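Participant: My structure file data29.pdb, PDB, N, CA and C atoms, is below:
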ATOM      1  N   MET A 974     143.370  66.163 148.659
ATOM      2  CA  MET A 974     142.034  66.116 148.126
ATOM      3  C   MET A 974     141.477  64.707 148.343
ATOM      4  N   LYS A 975     140.282  64.626 148.793
ATOM      5  CA  LYS A 975     139.617  63.327 148.941
ATOM      6  C   LYS A 975     139.303  62.756 147.558
ATOM      7  N   LYS A 976     139.650  61.494 147.365
ATOM      8  CA  LYS A 976     139.406  60.853 146.063
ATOM      9  C   LYS A 976     137.936  60.864 145.675
ATOM     10  N   ASN A 977     137.047  60.731 146.638
ATOM     11  CA  ASN A 977     135.624  60.658 146.316
ATOM     12  C   ASN A 977     135.053  61.992 145.830
ATOM     13  N   LEU A 978     135.816  63.083 145.912
ATOM     14  CA  LEU A 978     135.346  64.368 145.372
ATOM     15  C   LEU A 978     135.185  64.333 143.863
ATOM     16  N   THR A 979     135.863  63.409 143.201
ATOM     17  CA  THR A 979     135.754  63.344 141.743
ATOM     18  C   THR A 979     134.328  63.029 141.284
ATOM     19  N   THR A 980     133.505  62.499 142.156
ATOM     20  CA  THR A 980     132.120  62.204 141.782
ATOM     21  C   THR A 980     131.256  63.461 141.727
ATOM     22  N   VAL A 981     131.711  64.567 142.336
ATOM     23  CA  VAL A 981     130.922  65.796 142.351
ATOM     24  C   VAL A 981     131.585  66.960 141.626
ATOM     25  N   LEU A 982     132.875  66.864 141.365
ATOM     26  CA  LEU A 982     133.572  67.955 140.678
ATOM     27  C   LEU A 982     133.288  67.927 139.184
ATOM     28  N   VAL A 983     133.148  69.110 138.602
ATOM     29  CA  VAL A 983     133.015  69.247 137.153
ATOM     30  C   VAL A 983     134.055  70.254 136.679
ATOM     31  N   CYS A 984     134.313  70.235 135.396
ATOM     32  CA  CYS A 984     135.278  71.143 134.805
ATOM     33  C   CYS A 984     134.813  72.592 134.987
ATOM     34  N   PRO A 985     135.661  73.445 135.571
ATOM     35  CA  PRO A 985     135.268  74.838 135.737
ATOM     36  C   PRO A 985     135.194  75.609 134.416
ATOM     37  N   SER A 986     135.826  75.088 133.379
ATOM     38  CA  SER A 986     135.819  75.778 132.098
ATOM     39  C   SER A 986     134.521  75.543 131.328
ATOM     40  N   ASP A 987     134.139  74.270 131.183
ATOM     41  CA  ASP A 987     132.911  74.004 130.426
ATOM     42  C   ASP A 987     131.689  73.778 131.319
ATOM     43  N   LYS A 988     131.893  73.684 132.612
ATOM     44  CA  LYS A 988     130.832  73.588 133.630
ATOM     45  C   LYS A 988     129.975  72.324 133.565
ATOM     46  N   HIS A 989     130.370  71.355 132.731
ATOM     47  CA  HIS A 989     129.540  70.165 132.580
ATOM     48  C   HIS A 989     130.310  68.856 132.712
ATOM     49  N   SER A 990     131.492  68.820 132.188
ATOM     50  CA  SER A 990     132.204  67.549 132.072
ATOM     51  C   SER A 990     132.764  67.066 133.405
ATOM     52  N   ASN A 991     132.691  65.747 133.569
ATOM     53  CA  ASN A 991     133.353  65.120 134.698
ATOM     54  C   ASN A 991     134.855  65.184 134.479
ATOM     55  N   LEU A 992     135.605  65.052 135.556
ATOM     56  CA  LEU A 992     137.059  65.132 135.486
ATOM     57  C   LEU A 992     137.676  63.778 135.803
ATOM     58  N   ASP A 993     138.664  63.385 134.994
ATOM     59  CA  ASP A 993     139.429  62.175 135.276
ATOM     60  C   ASP A 993     140.504  62.508 136.307
ATOM     61  N   LEU A 994     140.734  61.604 137.232
ATOM     62  CA  LEU A 994     141.751  61.780 138.259
ATOM     63  C   LEU A 994     142.992  60.986 137.874
ATOM     64  N   ILE A 995     144.120  61.666 137.830
ATOM     65  CA  ILE A 995     145.415  61.028 137.584
ATOM     66  C   ILE A 995     146.231  61.243 138.850
ATOM     67  N   GLU A 996     146.532  60.157 139.536
ATOM     68  CA  GLU A 996     147.184  60.229 140.839
ATOM     69  C   GLU A 996     148.695  60.089 140.705
ATOM     70  N   PHE A 997     149.432  60.989 141.355
ATOM     71  CA  PHE A 997     150.891  60.896 141.414
ATOM     72  C   PHE A 997     151.340  60.437 142.803
ATOM     73  N   GLU A 998     150.797  61.069 143.815
ATOM     74  CA  GLU A 998     151.181  60.783 145.198
ATOM     75  C   GLU A 998     149.896  60.679 146.012
ATOM     76  N   THR A 999     149.630  59.480 146.563
ATOM     77  CA  THR A 999     148.352  59.238 147.232
ATOM     78  C   THR A 999     148.516  58.340 148.451
ATOM     79  N   ASN A1000     147.433  58.280 149.221
ATOM     80  CA  ASN A1000     147.261  57.206 150.190
ATOM     81  C   ASN A1000     145.875  56.627 149.930
ATOM     82  N   THR A1001     145.329  55.890 150.825
ATOM     83  CA  THR A1001     144.085  55.164 150.572
ATOM     84  C   THR A1001     142.949  56.052 150.080
ATOM     85  N   SER A1002     142.706  57.176 150.728
ATOM     86  CA  SER A1002     141.545  57.991 150.356
ATOM     87  C   SER A1002     141.882  59.421 149.935
ATOM     88  N   ASN A1003     143.150  59.789 149.953
ATOM     89  CA  ASN A1003     143.539  61.159 149.634
ATOM     90  C   ASN A1003     144.573  61.220 148.522
ATOM     91  N   VAL A1004     144.502  62.289 147.736
ATOM     92  CA  VAL A1004     145.488  62.554 146.701
ATOM     93  C   VAL A1004     146.279  63.775 147.138
ATOM     94  N   LYS A1005     147.579  63.600 147.293
ATOM     95  CA  LYS A1005     148.440  64.736 147.656
ATOM     96  C   LYS A1005     148.898  65.468 146.399
ATOM     97  N   SER A1006     149.240  64.709 145.352
ATOM     98  CA  SER A1006     149.683  65.288 144.081
ATOM     99  C   SER A1006     149.047  64.522 142.938
ATOM    100  N   GLY A1007     148.627  65.262 141.917
ATOM    101  CA  GLY A1007     148.028  64.631 140.752
ATOM    102  C   GLY A1007     147.436  65.666 139.829
ATOM    103  N   LEU A1008     146.623  65.193 138.911
ATOM    104  CA  LEU A1008     145.938  66.063 137.966
ATOM    105  C   LEU A1008     144.474  65.674 137.877
ATOM    106  N   LEU A1009     143.630  66.656 137.684
ATOM    107  CA  LEU A1009     142.259  66.442 137.254
ATOM    108  C   LEU A1009     142.252  66.834 135.785
ATOM    109  N   TYR A1010     141.599  66.030 134.944
ATOM    110  CA  TYR A1010     141.669  66.251 133.501
ATOM    111  C   TYR A1010     140.290  66.179 132.879
ATOM    112  N   CYS A1011     139.971  67.200 132.080
ATOM    113  CA  CYS A1011     138.703  67.238 131.350
ATOM    114  C   CYS A1011     138.954  66.771 129.922
ATOM    115  N   ILE A1012     138.391  65.647 129.558
ATOM    116  CA  ILE A1012     138.563  65.106 128.208
ATOM    117  C   ILE A1012     137.886  66.003 127.180
ATOM    118  N   LYS A1013     136.774  66.614 127.542
ATOM    119  CA  LYS A1013     136.013  67.426 126.599
ATOM    120  C   LYS A1013     136.769  68.683 126.166
ATOM    121  N   CYS A1014     137.312  69.435 127.105
ATOM    122  CA  CYS A1014     137.988  70.689 126.737
ATOM    123  C   CYS A1014     139.513  70.600 126.869
ATOM    124  N   ILE A1015     140.023  69.417 127.090
ATOM    125  CA  ILE A1015     141.450  69.065 127.194
ATOM    126  C   ILE A1015     142.228  69.944 128.173
ATOM    127  N   ARG A1016     141.575  70.324 129.274
ATOM    128  CA  ARG A1016     142.245  71.109 130.307
ATOM    129  C   ARG A1016     142.624  70.204 131.473
ATOM    130  N   TYR A1017     143.767  70.519 132.049
ATOM    131  CA  TYR A1017     144.178  69.829 133.267
ATOM    132  C   TYR A1017     144.182  70.835 134.408
ATOM    133  N   TYR A1018     143.984  70.314 135.594
ATOM    134  CA  TYR A1018     144.018  71.103 136.817
ATOM    135  C   TYR A1018     144.903  70.357 137.806
ATOM    136  N   PRO A1019     146.005  70.963 138.235
ATOM    137  CA  PRO A1019     146.904  70.260 139.140
ATOM    138  C   PRO A1019     146.334  70.137 140.552
ATOM    139  N   ILE A1020     146.731  69.075 141.207
ATOM    140  CA  ILE A1020     146.456  68.901 142.631
ATOM    141  C   ILE A1020     147.810  69.030 143.310
ATOM    142  N   ILE A1021     147.982  70.090 144.067
ATOM    143  CA  ILE A1021     149.267  70.395 144.695
ATOM    144  C   ILE A1021     149.076  70.440 146.203
ATOM    145  N   ASN A1022     149.831  69.611 146.920
ATOM    146  CA  ASN A1022     149.703  69.512 148.380
ATOM    147  C   ASN A1022     148.259  69.254 148.809
ATOM    148  N   GLY A1023     147.565  68.410 148.033
ATOM    149  CA  GLY A1023     146.205  68.015 148.370
ATOM    150  C   GLY A1023     145.136  69.006 147.957
ATOM    151  N   ILE A1024     145.524  70.097 147.288
ATOM    152  CA  ILE A1024     144.565  71.131 146.908
ATOM    153  C   ILE A1024     144.418  71.176 145.391
ATOM    154  N   PRO A1025     143.214  70.929 144.866
ATOM    155  CA  PRO A1025     143.014  71.058 143.418
ATOM    156  C   PRO A1025     143.001  72.540 143.030
ATOM    157  N   ILE A1026     143.811  72.891 142.053
ATOM    158  CA  ILE A1026     143.894  74.275 141.574
ATOM    159  C   ILE A1026     142.956  74.390 140.372
ATOM    160  N   MET A1027     141.752  74.860 140.623
ATOM    161  CA  MET A1027     140.694  74.871 139.601
ATOM    162  C   MET A1027     140.224  76.299 139.370
ATOM    163  N   VAL A1028     141.108  77.109 138.818
ATOM    164  CA  VAL A1028     140.792  78.504 138.547
ATOM    165  C   VAL A1028     140.771  78.735 137.038
ATOM    166  N   PRO A1029     140.153  79.829 136.575
ATOM    167  CA  PRO A1029     140.148  80.120 135.139
ATOM    168  C   PRO A1029     141.564  80.253 134.574
ATOM    169  N   ASP A1030     141.696  79.979 133.285
ATOM    170  CA  ASP A1030     143.005  80.002 132.624
ATOM    171  C   ASP A1030     143.765  81.303 132.875
ATOM    172  N   ASN A1031     143.082  82.432 132.813
ATOM    173  CA  ASN A1031     143.775  83.710 132.954
ATOM    174  C   ASN A1031     144.262  83.990 134.373
ATOM    175  N   GLN A1032     143.887  83.136 135.322
ATOM    176  CA  GLN A1032     144.351  83.285 136.697
ATOM    177  C   GLN A1032     145.336  82.198 137.109
ATOM    178  N   ARG A1033     145.728  81.359 136.163
ATOM    179  CA  ARG A1033     146.658  80.271 136.463
ATOM    180  C   ARG A1033     148.074  80.816 136.559
ATOM    181  N   ASN A1034     148.880  80.228 137.424
ATOM    182  CA  ASN A1034     150.253  80.671 137.645
ATOM    183  C   ASN A1034     151.196  79.778 136.841
ATOM    184  N   PHE A1035     151.665  80.278 135.710
ATOM    185  CA  PHE A1035     152.495  79.502 134.798
ATOM    186  C   PHE A1035     153.760  78.974 135.482
ATOM    187  N   ILE A1036     154.459  79.799 136.223
ATOM    188  CA  ILE A1036     155.722  79.376 136.848
ATOM    189  C   ILE A1036     155.470  78.301 137.902
ATOM    190  N   HIS A1037     154.490  78.504 138.745
ATOM    191  CA  HIS A1037     154.174  77.532 139.795
ATOM    192  C   HIS A1037     153.760  76.189 139.186
ATOM    193  N   GLU A1038     152.884  76.236 138.181
ATOM    194  CA  GLU A1038     152.442  75.000 137.536
ATOM    195  C   GLU A1038     153.558  74.347 136.732
ATOM    196  N   SER A1039     154.404  75.140 136.101
ATOM    197  CA  SER A1039     155.528  74.582 135.339
ATOM    198  C   SER A1039     156.444  73.763 136.236
ATOM    199  N   ASN A1040     156.741  74.298 137.407
ATOM    200  CA  ASN A1040     157.592  73.568 138.358
ATOM    201  C   ASN A1040     156.936  72.261 138.788
ATOM    202  N   PHE A1041     155.649  72.318 139.062
ATOM    203  CA  PHE A1041     154.912  71.119 139.462
ATOM    204  C   PHE A1041     154.906  70.084 138.337
ATOM    205  N   LEU A1042     154.586  70.518 137.125
ATOM    206  CA  LEU A1042     154.503  69.597 135.992
ATOM    207  C   LEU A1042     155.865  68.997 135.651
ATOM    208  N   THR A1043     156.908  69.776 135.746
ATOM    209  CA  THR A1043     158.260  69.274 135.493
ATOM    210  C   THR A1043     158.618  68.203 136.519
ATOM    211  N   GLN A1044     158.233  68.412 137.755
ATOM    212  CA  GLN A1044     158.499  67.433 138.819
ATOM    213  C   GLN A1044     157.844  66.084 138.517
ATOM    214  N   TRP A1045     156.656  66.085 137.940
ATOM    215  CA  TRP A1045     155.887  64.864 137.726
ATOM    216  C   TRP A1045     155.808  64.439 136.262
ATOM    217  N   ILE A1046     156.630  64.977 135.402
ATOM    218  CA  ILE A1046     156.525  64.761 133.959
ATOM    219  C   ILE A1046     156.490  63.275 133.578
ATOM    220  N   ASP A1047     157.205  62.441 134.302
ATOM    221  CA  ASP A1047     157.248  61.012 133.974
ATOM    222  C   ASP A1047     155.937  60.289 134.287
ATOM    223  N   LYS A1048     155.091  60.878 135.101
ATOM    224  CA  LYS A1048     153.819  60.239 135.473
ATOM    225  C   LYS A1048     152.625  60.801 134.703
ATOM    226  N   ILE A1049     152.860  61.829 133.898
ATOM    227  CA  ILE A1049     151.772  62.437 133.139
ATOM    228  C   ILE A1049     151.571  61.642 131.850
ATOM    229  N   PRO A1050     150.350  61.198 131.555
ATOM    230  CA  PRO A1050     150.099  60.441 130.330
ATOM    231  C   PRO A1050     150.480  61.245 129.083
ATOM    232  N   ASP A1051     150.988  60.539 128.064
ATOM    233  CA  ASP A1051     151.459  61.179 126.841
ATOM    234  C   ASP A1051     150.393  62.028 126.162
ATOM    235  N   ASN A1052     149.142  61.547 126.145
ATOM    236  CA  ASN A1052     148.094  62.332 125.485
ATOM    237  C   ASN A1052     147.876  63.682 126.157
ATOM    238  N   ILE A1053     148.098  63.771 127.439
ATOM    239  CA  ILE A1053     147.964  65.042 128.151
ATOM    240  C   ILE A1053     149.201  65.914 127.901
ATOM    241  N   LYS A1054     150.375  65.301 127.838
ATOM    242  CA  LYS A1054     151.593  66.068 127.570
ATOM    243  C   LYS A1054     151.517  66.780 126.230
ATOM    244  N   SER A1055     150.990  66.117 125.222
ATOM    245  CA  SER A1055     151.022  66.671 123.873
ATOM    246  C   SER A1055     149.794  67.497 123.520
ATOM    247  N   ASN A1056     148.710  67.334 124.273
ATOM    248  CA  ASN A1056     147.461  67.975 123.878
ATOM    249  C   ASN A1056     146.702  68.426 125.118
ATOM    250  N   SER A1057     147.153  69.520 125.720
ATOM    251  CA  SER A1057     146.497  69.970 126.939
ATOM    252  C   SER A1057     146.478  71.493 127.000
ATOM    253  N   MET A1058     145.575  71.988 127.820
ATOM    254  CA  MET A1058     145.451  73.423 128.034
ATOM    255  C   MET A1058     145.446  73.666 129.534
ATOM    256  N   PRO A1059     145.786  74.799 130.032
ATOM    257  CA  PRO A1059     146.098  76.013 129.310
ATOM    258  C   PRO A1059     147.552  76.100 128.847
ATOM    259  N   PHE A1060     148.420  75.245 129.349
ATOM    260  CA  PHE A1060     149.822  75.257 128.946
ATOM    261  C   PHE A1060     150.151  73.927 128.304
ATOM    262  N   ASN A1061     150.954  73.939 127.253
ATOM    263  CA  ASN A1061     151.391  72.696 126.635
ATOM    264  C   ASN A1061     152.513  72.112 127.485
ATOM    265  N   ILE A1062     152.283  70.956 128.051
ATOM    266  CA  ILE A1062     153.225  70.361 128.998
ATOM    267  C   ILE A1062     154.540  69.995 128.313
ATOM    268  N   ASN A1063     154.497  69.531 127.071
ATOM    269  CA  ASN A1063     155.741  69.210 126.358
ATOM    270  C   ASN A1063     156.610  70.443 126.187
ATOM    271  N   GLU A1064     155.999  71.591 125.904
ATOM    272  CA  GLU A1064     156.765  72.833 125.760
ATOM    273  C   GLU A1064     157.389  73.252 127.089
ATOM    274  N   ILE A1065     156.657  73.090 128.174
ATOM    275  CA  ILE A1065     157.190  73.405 129.504
ATOM    276  C   ILE A1065     158.408  72.555 129.777
ATOM    277  N   ASN A1066     158.295  71.256 129.489
ATOM    278  CA  ASN A1066     159.394  70.330 129.746
ATOM    279  C   ASN A1066     160.612  70.661 128.900
ATOM    280  N   SER A1067     160.429  71.001 127.628
ATOM    281  CA  SER A1067     161.565  71.298 126.765
ATOM    282  C   SER A1067     162.243  72.614 127.165
ATOM    283  N   GLU A1068     161.492  73.576 127.699
ATOM    284  CA  GLU A1068     162.086  74.837 128.150
ATOM    285  C   GLU A1068     162.919  74.639 129.399
ATOM    286  N   SER A1069     162.568  73.673 130.232
ATOM    287  CA  SER A1069     163.311  73.466 131.480
ATOM    288  C   SER A1069     164.560  72.621 131.285
ATOM    289  N   SER A1070     164.704  71.979 130.115
ATOM    290  CA  SER A1070     165.863  71.120 129.861
ATOM    291  C   SER A1070     167.076  71.931 129.493
TER     292      SER A1070
END
Produce structure tokens that represent the structure in this file.
Facilitator:
Amino acid sequence: MKKNLTTVLVCPSDKHSNLDLIEFETNTSNVKSGLLYCIKCIRYYPIINGIPIMVPDNQRNFIHESNFLTQWIDKIPDNIKSNSMPFNINEINSESS
């Protein structure tokens, strides 16, 4: 995903809020792995292999996202781990241990 896309992307859930970019794996202008995060509705959207996964909650793939989040758990900010939707990241991490 191009980093400059964050200036035009909005949260698909509330349709208004800007998204914060949390980078895990990047180069100068692209994000290969990371999260987009909406502070207003506390939802995160993973960026996997350069593709932001920005679909409604009921279409999210729990197993696929769980594996991704477990892989990057050390880089996810604590406030997102404890207070995020659609899946609680701390619960995902404790189930995989």
Participant: Applied to this file, what does the PyMOL selection byres (((chain A and resi 985-993 and name CA) around 8) and name CA) return in terms of residues, put as a CSV table (one decimal) with N, CA and C atoms, in the frame of the given file?
Facilitator:
chain,number,residue,atom,x,y,z
A,979,THR,N,135.9,63.4,143.2
A,979,THR,CA,135.8,63.3,141.7
A,979,THR,C,134.3,63.0,141.3
A,980,THR,N,133.5,62.5,142.2
A,980,THR,CA,132.1,62.2,141.8
A,980,THR,C,131.3,63.5,141.7
A,982,LEU,N,132.9,66.9,141.4
A,982,LEU,CA,133.6,68.0,140.7
A,982,LEU,C,133.3,67.9,139.2
A,983,VAL,N,133.1,69.1,138.6
A,983,VAL,CA,133.0,69.2,137.2
A,983,VAL,C,134.1,70.3,136.7
A,984,CYS,N,134.3,70.2,135.4
A,984,CYS,CA,135.3,71.1,134.8
A,984,CYS,C,134.8,72.6,135.0
A,994,LEU,N,140.7,61.6,137.2
A,994,LEU,CA,141.8,61.8,138.3
A,994,LEU,C,143.0,61.0,137.9
A,995,ILE,N,144.1,61.7,137.8
A,995,ILE,CA,145.4,61.0,137.6
A,995,ILE,C,146.2,61.2,138.8
A,1009,LEU,N,143.6,66.7,137.7
A,1009,LEU,CA,142.3,66.4,137.3
A,1009,LEU,C,142.3,66.8,135.8
A,1010,TYR,N,141.6,66.0,134.9
A,1010,TYR,CA,141.7,66.3,133.5
A,1010,TYR,C,140.3,66.2,132.9
A,1011,CYS,N,140.0,67.2,132.1
A,1011,CYS,CA,138.7,67.2,131.4
A,1011,CYS,C,139.0,66.8,129.9
A,1012,ILE,N,138.4,65.6,129.6
A,1012,ILE,CA,138.6,65.1,128.2
A,1012,ILE,C,137.9,66.0,127.2
A,1013,LYS,N,136.8,66.6,127.5
A,1013,LYS,CA,136.0,67.4,126.6
A,1013,LYS,C,136.8,68.7,126.2
A,1014,CYS,N,137.3,69.4,127.1
A,1014,CYS,CA,138.0,70.7,126.7
A,1014,CYS,C,139.5,70.6,126.9
A,1027,MET,N,141.8,74.9,140.6
A,1027,MET,CA,140.7,74.9,139.6
A,1027,MET,C,140.2,76.3,139.4
A,1028,VAL,N,141.1,77.1,138.8
A,1028,VAL,CA,140.8,78.5,138.5
A,1028,VAL,C,140.8,78.7,137.0
A,1029,PRO,N,140.2,79.8,136.6
A,1029,PRO,CA,140.1,80.1,135.1
A,1029,PRO,C,141.6,80.3,134.6
Participant: So the first atom is atom N of Arg1033 (chain A) and the second is CA of Thr999 (chain A); what is the distance between them in Å, to one decimal place?
Facilitator: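 Answer for the atom N of Arg1033 (chain A) to CA of Thr999 (chain A) separation: 24.9 Å.
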Participant: Name the residues within 6.5 Å of (138.3, 68.1, 146.3), counting only N, CA and C atoms in the file's coordinates, and put them as a PyMOL selection string.
Facilitator: chain A and resi 974-975+978-979+1025
Participant: Closest to Asn977 (chain A) among A:Pro1050, A:Val1004, A:Ile1065, A:Glu998, using all atoms listed in the file?
Facilitator: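 Using all atoms listed in the file, the shortest distance to Asn977 (chain A) belongs to A:Val1004.
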Participant: Using DSSP on the backbone, list every residue of region 1002-1038 of chain A that comes out as strand (DSSP E or B), and give them as a compact mmCIF listing (two decimals) with N, CA and C atoms, keeping the file's coordinate frame.
Facilitator:
# COMPACT_ATOMS: atom_id res chain seq x y z
N ASN A 1003 143.15 59.79 149.95
CA ASN A 1003 143.54 61.16 149.63
C ASN A 1003 144.57 61.22 148.52
N VAL A 1004 144.50 62.29 147.74
CA VAL A 1004 145.49 62.55 146.70
C VAL A 1004 146.28 63.78 147.14
N LYS A 1005 147.58 63.60 147.29
CA LYS A 1005 148.44 64.74 147.66
C LYS A 1005 148.90 65.47 146.40
N SER A 1006 149.24 64.71 145.35
CA SER A 1006 149.68 65.29 144.08
C SER A 1006 149.05 64.52 142.94
N GLY A 1007 148.63 65.26 141.92
CA GLY A 1007 148.03 64.63 140.75
C GLY A 1007 147.44 65.67 139.83
N LEU A 1008 146.62 65.19 138.91
CA LEU A 1008 145.94 66.06 137.97
C LEU A 1008 144.47 65.67 137.88
N LEU A 1009 143.63 66.66 137.68
CA LEU A 1009 142.26 66.44 137.25
C LEU A 1009 142.25 66.83 135.78
N TYR A 1010 141.60 66.03 134.94
CA TYR A 1010 141.67 66.25 133.50
C TYR A 1010 140.29 66.18 132.88
N CYS A 1011 139.97 67.20 132.08
CA CYS A 1011 138.70 67.24 131.35
C CYS A 1011 138.95 66.77 129.92
N ARG A 1016 141.57 70.32 129.27
CA ARG A 1016 142.24 71.11 130.31
C ARG A 1016 142.62 70.20 131.47
N TYR A 1017 143.77 70.52 132.05
CA TYR A 1017 144.18 69.83 133.27
C TYR A 1017 144.18 70.83 134.41
N TYR A 1018 143.98 70.31 135.59
CA TYR A 1018 144.02 71.10 136.82
C TYR A 1018 144.90 70.36 137.81
N PRO A 1019 146.00 70.96 138.24
CA PRO A 1019 146.90 70.26 139.14
C PRO A 1019 146.33 70.14 140.55
N ILE A 1020 146.73 69.08 141.21
CA ILE A 1020 146.46 68.90 142.63
C ILE A 1020 147.81 69.03 143.31
N ILE A 1021 147.98 70.09 144.07
CA ILE A 1021 149.27 70.40 144.70
C ILE A 1021 149.08 70.44 146.20
N ILE A 1024 145.52 70.10 147.29
CA ILE A 1024 144.56 71.13 146.91
C ILE A 1024 144.42 71.18 145.39
N PRO A 1025 143.21 70.93 144.87
CA PRO A 1025 143.01 71.06 143.42
C PRO A 1025 143.00 72.54 143.03
Participant: Taking all atoms listed in the file into account, which of A:Glu996, A:Ile1020, A:Asn1061, A:Lys976 comes nearest Lys1048 (chain A)?
Facilitator: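 The answer is A:Glu996, which sits nearest to Lys1048 (chain A).
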Participant: By how many Å are CA of Ile1062 (chain A) and CA of Asn1040 (chain A) apart?
Facilitator: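 Computing the Euclidean distance for CA of Ile1062 (chain A) and CA of Asn1040 (chain A) yields 10.8 Å.
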Participant: When you look at Phe1035 (chain A) with a cut-off of 8 Å (counting only C-alpha atoms), what residues show up, excluding the ones that are within fewer than 3 positions of it in the same chain? I need them as a ChimeraX atom specification.
Facilitator: /A:1038-1039,1060
Participant: Take the residues from that selection and write them out as a compact mmCIF listing (two decimals), keeping the file's coordinate frame, keeping N, CA and C atoms.
Facilitator:
# COMPACT_ATOMS: atom_id res chain seq x y z
N GLU A 1038 152.88 76.24 138.18
CA GLU A 1038 152.44 75.00 137.54
C GLU A 1038 153.56 74.35 136.73
N SER A 1039 154.40 75.14 136.10
CA SER A 1039 155.53 74.58 135.34
C SER A 1039 156.44 73.76 136.24
N PHE A 1060 148.42 75.24 129.35
CA PHE A 1060 149.82 75.26 128.95
C PHE A 1060 150.15 73.93 128.30
Participant: Using Å and a single decimal, report how far atom N of Asn1003 (chain A) sits from atom C of Leu1042 (chain A).
Facilitator: 21.2 Å
Participant: So for region 1016-1034 of chain A, what box centre and size do we get, axis-aligned, 8 Å extra on each of the six sides, every listed atom, Å to one decimal, as lines of an AutoDock Vina configuration file?
Facilitator:
center_x = 145.7
center_y = 76.0
center_z = 139.0
size_x = 27.0
size_y = 32.0
size_z = 35.5
Participant: Let me make sure I understand: among A:Ile1026, A:Ile1021, A:Ile1036, A:Ile1015, which one has the smallest atom-to-atom distance to Ser1057 (chain A) if we use only N, CA and C atoms?
Facilitator: A:Ile1015
Participant: Taking only C-alpha atoms into account, name the residue in A:Tyr1018, A:Ile1053, A:Asn1000, A:Leu1008 that is nearest to Asn1034 (chain A).
Facilitator: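 Looking at the shortest contact to Asn1034 (chain A), the residue is A:Tyr1018.
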